[in-house]
$ cat structure-v3.pdb   # PDB, C-alpha atoms and all ligand atoms
ATOM      1  CA  MET Y   1      85.363  62.281  47.422
ATOM      2  CA  THR Y   2      82.050  63.252  45.861
ATOM      3  CA  ILE Y   3      79.200  60.895  46.610
ATOM      4  CA  ALA Y   4      76.167  63.152  46.144
ATOM      5  CA  TYR Y   5      76.161  66.285  44.029
ATOM      6  CA  SER Y   6      73.471  68.433  42.538
ATOM      7  CA  ILE Y   7      73.056  69.726  39.041
ATOM      8  CA  GLY Y   8      70.041  71.934  38.557
ATOM      9  CA  LYS Y   9      67.275  70.525  40.706
ATOM     10  CA  ASN Y  10      68.486  66.934  40.552
ATOM     11  CA  LEU Y  11      70.703  65.132  43.010
ATOM     12  CA  TYR Y  12      73.129  62.570  41.588
ATOM     13  CA  LEU Y  13      74.549  59.684  43.549
ATOM     14  CA  ASN Y  14      77.995  58.380  42.733
ATOM     15  CA  ILE Y  15      78.415  55.036  44.490
ATOM     16  CA  THR Y  16      81.033  53.071  42.570
ATOM     17  CA  ASN Y  17      83.825  53.296  40.023
ATOM     18  CA  ARG Y  18      83.248  49.772  38.816
ATOM     19  CA  CYS Y  19      81.901  49.204  35.320
ATOM     20  CA  PRO Y  20      82.027  46.151  33.040
ATOM     21  CA  ASN Y  21      82.166  48.352  29.942
ATOM     22  CA  ASP Y  22      84.835  50.605  28.524
ATOM     23  CA  CYS Y  23      82.845  52.855  26.236
ATOM     24  CA  VAL Y  24      84.740  54.919  23.710
ATOM     25  CA  PHE Y  25      82.730  58.024  24.646
ATOM     26  CA  CYS Y  26      82.935  57.591  28.408
ATOM     27  CA  ILE Y  27      84.009  60.648  30.371
ATOM     28  CA  ARG Y  28      86.282  58.307  32.298
ATOM     29  CA  GLN Y  29      88.532  58.331  29.239
ATOM     30  CA  ASN Y  30      89.253  61.987  29.978
ATOM     31  CA  GLY Y  31      89.842  62.265  33.681
ATOM     32  CA  GLU Y  32      88.445  61.631  37.104
ATOM     33  CA  GLY Y  33      85.366  63.809  37.164
ATOM     34  CA  ILE Y  34      83.163  66.361  35.514
ATOM     35  CA  GLY Y  35      84.437  69.900  35.562
ATOM     36  CA  ASP Y  36      85.515  70.675  39.104
ATOM     37  CA  THR Y  37      83.627  67.709  40.547
ATOM     38  CA  GLN Y  38      86.006  64.872  41.361
ATOM     39  CA  LEU Y  39      84.093  61.616  40.940
ATOM     40  CA  TRP Y  40      86.703  58.872  41.095
ATOM     41  CA  LEU Y  41      86.072  57.216  44.466
ATOM     42  CA  LYS Y  42      88.964  56.136  46.641
ATOM     43  CA  THR Y  43      86.635  53.698  48.385
ATOM     44  CA  GLU Y  44      83.029  52.763  47.802
ATOM     45  CA  PRO Y  45      80.728  54.516  50.277
ATOM     46  CA  ASP Y  46      78.489  52.387  52.460
ATOM     47  CA  VAL Y  47      74.765  53.018  52.780
ATOM     48  CA  ASP Y  48      75.158  55.312  55.793
ATOM     49  CA  GLN Y  49      77.767  57.408  53.998
ATOM     50  CA  ILE Y  50      75.535  57.709  50.948
ATOM     51  CA  LEU Y  51      72.545  58.809  53.034
ATOM     52  CA  GLN Y  52      74.716  61.226  54.996
ATOM     53  CA  SER Y  53      75.922  62.707  51.758
ATOM     54  CA  VAL Y  54      72.331  63.089  50.547
ATOM     55  CA  GLY Y  55      71.323  64.920  53.713
ATOM     56  CA  ASP Y  56      67.842  66.388  53.509
ATOM     57  CA  PRO Y  57      66.546  65.463  50.057
ATOM     58  CA  THR Y  58      63.548  67.763  50.284
ATOM     59  CA  GLY Y  59      63.416  70.157  47.366
ATOM     60  CA  TYR Y  60      65.123  68.020  44.748
ATOM     61  CA  GLU Y  61      63.075  67.150  41.698
ATOM     62  CA  GLU Y  62      64.770  63.809  41.157
ATOM     63  CA  ILE Y  63      67.376  61.624  42.787
ATOM     64  CA  VAL Y  64      69.506  59.704  40.319
ATOM     65  CA  PHE Y  65      71.772  56.697  40.823
ATOM     66  CA  CYS Y  66      74.332  57.495  38.181
ATOM     67  CA  GLY Y  67      78.120  57.359  37.613
ATOM     68  CA  TYR Y  68      81.001  57.360  37.958
ATOM     69  CA  GLY Y  69      80.841  53.656  37.233
ATOM     70  CA  GLU Y  70      77.874  51.321  36.838
ATOM     71  CA  PRO Y  71      75.622  51.787  39.898
ATOM     72  CA  ILE Y  72      73.866  48.432  39.580
ATOM     73  CA  THR Y  73      77.102  46.725  40.599
ATOM     74  CA  ARG Y  74      76.001  47.924  44.062
ATOM     75  CA  LEU Y  75      72.513  46.511  43.924
ATOM     76  CA  ASP Y  76      72.176  46.073  47.686
ATOM     77  CA  ALA Y  77      73.191  49.673  48.343
ATOM     78  CA  ILE Y  78      70.726  50.961  45.762
ATOM     79  CA  VAL Y  79      67.930  48.958  47.362
ATOM     80  CA  ALA Y  80      68.782  50.195  50.868
ATOM     81  CA  VAL Y  81      69.215  53.844  49.877
ATOM     82  CA  ALA Y  82      66.078  53.887  47.725
ATOM     83  CA  LYS Y  83      64.067  52.348  50.568
ATOM     84  CA  ALA Y  84      65.348  55.042  52.938
ATOM     85  CA  LEU Y  85      64.525  57.829  50.479
ATOM     86  CA  ARG Y  86      61.128  56.517  49.392
ATOM     87  CA  PRO Y  87      59.201  58.208  52.239
ATOM     88  CA  PHE Y  88      60.271  61.655  50.976
ATOM     89  CA  GLY Y  89      58.227  61.085  47.831
ATOM     90  CA  ILE Y  90      60.934  62.347  45.470
ATOM     91  CA  PRO Y  91      61.173  60.535  42.120
ATOM     92  CA  ILE Y  92      64.123  58.155  41.951
ATOM     93  CA  ARG Y  93      65.844  57.193  38.720
ATOM     94  CA  LEU Y  94      68.519  54.643  37.910
ATOM     95  CA  ASP Y  95      70.899  55.348  35.031
ATOM     96  CA  THR Y  96      72.447  52.090  33.953
ATOM     97  CA  SER Y  97      74.136  50.149  31.201
ATOM     98  CA  GLY Y  98      71.398  47.540  31.663
ATOM     99  CA  LEU Y  99      73.868  44.734  32.271
ATOM    100  CA  ALA Y 100      72.630  43.759  35.727
ATOM    101  CA  ASP Y 101      71.745  40.206  34.670
ATOM    102  CA  LEU Y 102      75.338  39.586  33.632
ATOM    103  CA  ILE Y 103      76.834  41.397  36.605
ATOM    104  CA  HIS Y 104      74.769  39.489  39.163
ATOM    105  CA  GLY Y 105      74.006  36.302  37.246
ATOM    106  CA  ARG Y 106      70.268  36.630  37.786
ATOM    107  CA  ASP Y 107      67.236  38.833  37.216
ATOM    108  CA  VAL Y 108      67.563  41.678  39.730
ATOM    109  CA  TRP Y 109      64.294  43.432  38.911
ATOM    110  CA  PRO Y 110      62.298  41.828  41.736
ATOM    111  CA  ASP Y 111      64.783  43.376  44.204
ATOM    112  CA  LEU Y 112      63.996  46.830  42.809
ATOM    113  CA  ALA Y 113      60.226  46.470  42.645
ATOM    114  CA  GLY Y 114      58.491  49.648  43.787
ATOM    115  CA  LEU Y 115      61.755  51.517  44.420
ATOM    116  CA  LEU Y 116      62.278  53.361  41.138
ATOM    117  CA  ASP Y 117      60.177  55.840  39.190
ATOM    118  CA  ALA Y 118      62.356  55.788  36.104
ATOM    119  CA  VAL Y 119      65.196  53.816  34.607
ATOM    120  CA  SER Y 120      67.433  55.136  31.867
ATOM    121  CA  ILE Y 121      69.242  52.353  30.025
ATOM    122  CA  SER Y 122      72.103  52.862  27.583
ATOM    123  CA  LEU Y 123      71.153  51.302  24.257
ATOM    124  CA  ASN Y 124      74.110  52.937  22.529
ATOM    125  CA  ALA Y 125      73.853  51.002  19.264
ATOM    126  CA  HIS Y 126      71.365  49.266  16.989
ATOM    127  CA  ASN Y 127      72.990  45.847  16.960
ATOM    128  CA  ALA Y 128      75.376  43.681  18.939
ATOM    129  CA  ALA Y 129      78.384  44.203  16.704
ATOM    130  CA  GLU Y 130      78.116  47.993  16.804
ATOM    131  CA  TYR Y 131      77.451  47.882  20.542
ATOM    132  CA  ASP Y 132      80.592  45.858  21.080
ATOM    133  CA  LYS Y 133      82.660  48.304  19.051
ATOM    134  CA  LEU Y 134      81.421  51.256  21.104
ATOM    135  CA  CYS Y 135      81.036  49.756  24.564
ATOM    136  CA  ARG Y 136      83.802  47.151  24.634
ATOM    137  CA  SER Y 137      81.984  45.183  27.299
ATOM    138  CA  LYS Y 138      83.749  42.394  29.137
ATOM    139  CA  TRP Y 139      80.944  40.140  27.796
ATOM    140  CA  GLY Y 140      81.481  41.212  24.199
ATOM    141  CA  GLU Y 141      78.460  41.048  21.914
ATOM    142  CA  ASP Y 142      76.417  39.087  24.485
ATOM    143  CA  ALA Y 143      76.014  42.316  26.439
ATOM    144  CA  PHE Y 144      73.689  43.794  23.833
ATOM    145  CA  ARG Y 145      71.082  41.022  24.142
ATOM    146  CA  ALA Y 146      71.314  41.110  27.941
ATOM    147  CA  MET Y 147      70.703  44.862  27.932
ATOM    148  CA  LEU Y 148      67.613  44.465  25.745
ATOM    149  CA  ASP Y 149      66.228  41.641  27.910
ATOM    150  CA  PHE Y 150      66.775  43.780  31.006
ATOM    151  CA  THR Y 151      64.929  46.642  29.302
ATOM    152  CA  ASN Y 152      61.974  44.453  28.381
ATOM    153  CA  ARG Y 153      61.544  43.264  31.959
ATOM    154  CA  ALA Y 154      61.969  46.803  33.310
ATOM    155  CA  LYS Y 155      58.500  47.632  32.010
ATOM    156  CA  ASP Y 156      57.007  45.335  34.653
ATOM    157  CA  TYR Y 157      58.763  47.149  37.505
ATOM    158  CA  VAL Y 158      59.313  50.808  36.606
ATOM    159  CA  PRO Y 159      56.736  53.334  35.381
ATOM    160  CA  LYS Y 160      59.122  55.082  33.005
ATOM    161  CA  VAL Y 161      61.683  53.210  30.923
ATOM    162  CA  ILE Y 162      64.009  55.173  28.651
ATOM    163  CA  LEU Y 163      66.546  53.877  26.158
ATOM    164  CA  THR Y 164      69.346  56.337  25.440
ATOM    165  CA  VAL Y 165      72.034  56.775  22.837
ATOM    166  CA  VAL Y 166      74.862  59.236  22.493
ATOM    167  CA  ASP Y 167      75.002  60.993  19.130
ATOM    168  CA  TYR Y 168      78.528  59.692  18.695
ATOM    169  CA  PRO Y 169      79.787  59.632  15.099
ATOM    170  CA  GLY Y 170      78.553  56.545  13.272
ATOM    171  CA  VAL Y 171      75.706  55.671  15.641
ATOM    172  CA  ASN Y 172      72.550  54.864  13.676
ATOM    173  CA  LEU Y 173      70.134  57.009  15.653
ATOM    174  CA  GLU Y 174      67.071  56.165  13.612
ATOM    175  CA  ALA Y 175      67.643  52.421  13.917
ATOM    176  CA  CYS Y 176      68.081  52.904  17.664
ATOM    177  CA  ARG Y 177      64.869  54.898  17.850
ATOM    178  CA  ASN Y 178      63.069  52.078  16.028
ATOM    179  CA  ILE Y 179      64.271  49.609  18.650
ATOM    180  CA  ALA Y 180      62.903  51.778  21.460
ATOM    181  CA  ASP Y 181      59.624  52.297  19.614
ATOM    182  CA  GLY Y 182      59.325  48.580  18.976
ATOM    183  CA  MET Y 183      59.811  47.871  22.660
ATOM    184  CA  GLY Y 184      57.292  50.513  23.678
ATOM    185  CA  VAL Y 185      59.743  52.557  25.744
ATOM    186  CA  SER Y 186      60.883  56.173  25.577
ATOM    187  CA  PHE Y 187      63.907  57.153  23.537
ATOM    188  CA  ARG Y 188      66.428  59.849  24.229
ATOM    189  CA  ILE Y 189      69.479  61.087  22.366
ATOM    190  CA  ARG Y 190      72.247  62.512  24.478
ATOM    191  CA  ARG Y 191      74.700  64.970  23.070
ATOM    192  CA  TYR Y 192      78.281  63.904  22.529
ATOM    193  CA  GLU Y 193      80.867  66.450  23.495
ATOM    194  CA  ALA Y 194      84.502  65.856  22.755
ATOM    195  CA  PRO Y 195      86.369  66.663  24.827
ATOM    196  CA  PRO Y 196      85.146  66.091  27.452
ATOM    197  CA  SER Y 197      83.145  63.251  26.074
ATOM    198  CA  ALA Y 198      79.616  62.503  27.071
ATOM    199  CA  CYS Y 199      78.486  59.237  28.517
ATOM    200  CA  SER Y 200      75.070  57.849  27.808
ATOM    201  CA  LYS Y 201      74.727  56.924  31.451
ATOM    202  CA  ALA Y 202      77.447  57.801  33.844
ATOM    203  CA  ALA Y 203      77.952  61.416  33.030
ATOM    204  CA  ALA Y 204      74.883  62.582  31.251
ATOM    205  CA  GLN Y 205      73.498  64.416  34.222
ATOM    206  CA  ASP Y 206      70.210  65.640  32.964
TER     207      ASP Y 206
HETATM  208  S1  LIG E 301      79.887  55.228  29.556
HETATM  209 FE1  LIG E 301      78.892  54.325  31.322
HETATM  210  S2  LIG E 301      78.760  52.129  30.801
HETATM  211 FE2  LIG E 301      80.282  53.055  29.448
HETATM  212  S3  LIG E 301      82.273  52.753  30.468
HETATM  213 FE3  LIG E 301      81.478  54.765  31.086
HETATM  214  S4  LIG E 301      80.420  54.350  32.997
HETATM  215 FE4  LIG E 301      80.662  52.391  31.986
END
$ encode --input "structure-v3.pdb" --output "structure tokens" --more "lines below"
Ligand code: SF4
Amino acid sequence: MTIAYSIGKNLYLNITNRCPNDCVFCIRQNGEGIGDTQLWLKTEPDVDQILQSVGDPTGYEEIVFCGYGEPITRLDAIVAVAKALRPFGIPIRLDTSGLADLIHGRDVWPDLAGLLDAVSISLNAHNAAEYDKLCRSKWGEDAFRAMLDFTNRAKDYVPKVILTVVDYPGVNLEACRNIADGMGVSFRIRRYEAPPSACSKAAAQD
């Protein structure tokens, strides 16, 4: 099973399959990996397995907690791995749906203080109804507000906060950009490819 894999000069960490969403554009709709890289995990790796899979991180430009599911479901593992990697001085990013508050029932940002250099959060839509149509979260439309609240608080803990959308048909990109601008965070559009489809978080390895 693939836990750590590199694309370009970045190293991506795949630590769980679990995700509370079922996005229409998710690569998981199309298979169990990206290209030849099998990402569906038979079991979730523990912290030692993740660090073993990373090996010597020297030389990577960025280490990214990413797919194949929602990494923040494994908050404790992220904290432990990021703490172990911090001394290497390599930027660490979290790619997330931004639903940590709902997943864990509390504000998790204090746990992550000082451990991340960037967080990329999937905005995906400009309002709760559109978000629900695209992301089909187990929390329905409530997920949209939770994601925005999580994003607002991220600014207190992470130097670089990015909201992302996939240019999926029907997504109001300009309205999404206005939300990011209004929140004072970066905005990024990720390309939709069908098939295989692109994911605004779990598979957009860039
Ligand atoms: S796109 Fe990301 S948030 Fe959506 S179902 Fe896939 S892994 Fe989960």
$ residues_around --input "structure-v3.pdb" --residues "Asp181 in chain Y" --least-positions-apart "6" --cutoff "10 Å" --atoms "only C-alpha atoms" --output "PDB file with C-alpha atoms, keeping the file's coordinate frame"
ATOM      1  CA  LEU Y 163      66.546  53.877  26.158  1.00  0.00           C
ATOM      2  CA  ALA Y 175      67.643  52.421  13.917  1.00  0.00           C
ATOM      3  CA  PHE Y 187      63.907  57.153  23.537  1.00  0.00           C
TER       4      PHE Y 187
END
$ closest_residue --input "structure-v3.pdb" --among "Y:Asp156, Y:Glu130, Y:Asp142, Y:Asp111" --to "Cys176 in chain Y" --atoms "only C-alpha atoms"
Y:Glu130
$ atom_distance --input "structure-v3.pdb" --atom1 "CA of Val161 in chain Y" --atom2 "CA of Glu62 in chain Y"
15.1 Å
$ resolve_selection --input "structure-v3.pdb" --expression "the PyMOL selection byres (((not hetatm)) within 10 of (chain E and resi 301))" --output "PyMOL selection string"
chain Y and resi 16-29+66-71+95-99+121-122+124+134-137+166+197-204
$ resolve_selection --input "structure-v3.pdb" --expression "the PyMOL selection byres (((chain Y and resi 83-93) around 7) and not hetatm)" --output "list in words"
Thr58, Glu61, Glu62, Ile63, Val64, Phe65, Val79, Ala80, Val81, Ala82, Leu94, Asp95, Leu115, Leu116, Asp117, Ala118 and Val119 of chain Y
$ atom_distance --input "structure-v3.pdb" --atom1 "CA of His104 in chain Y" --atom2 "CA of Ile162 in chain Y"
21.7 Å
$ atom_distance --input "structure-v3.pdb" --atom1 "CA of Asn14 in chain Y" --atom2 "CA of Leu39 in chain Y"
7.1 Å
$ resolve_selection --input "structure-v3.pdb" --expression "the PyMOL selection byres (((chain Y and resi 168) around 8) and not hetatm)" --output "ChimeraX atom specification"
/Y:25,166-167,169-171,191-192
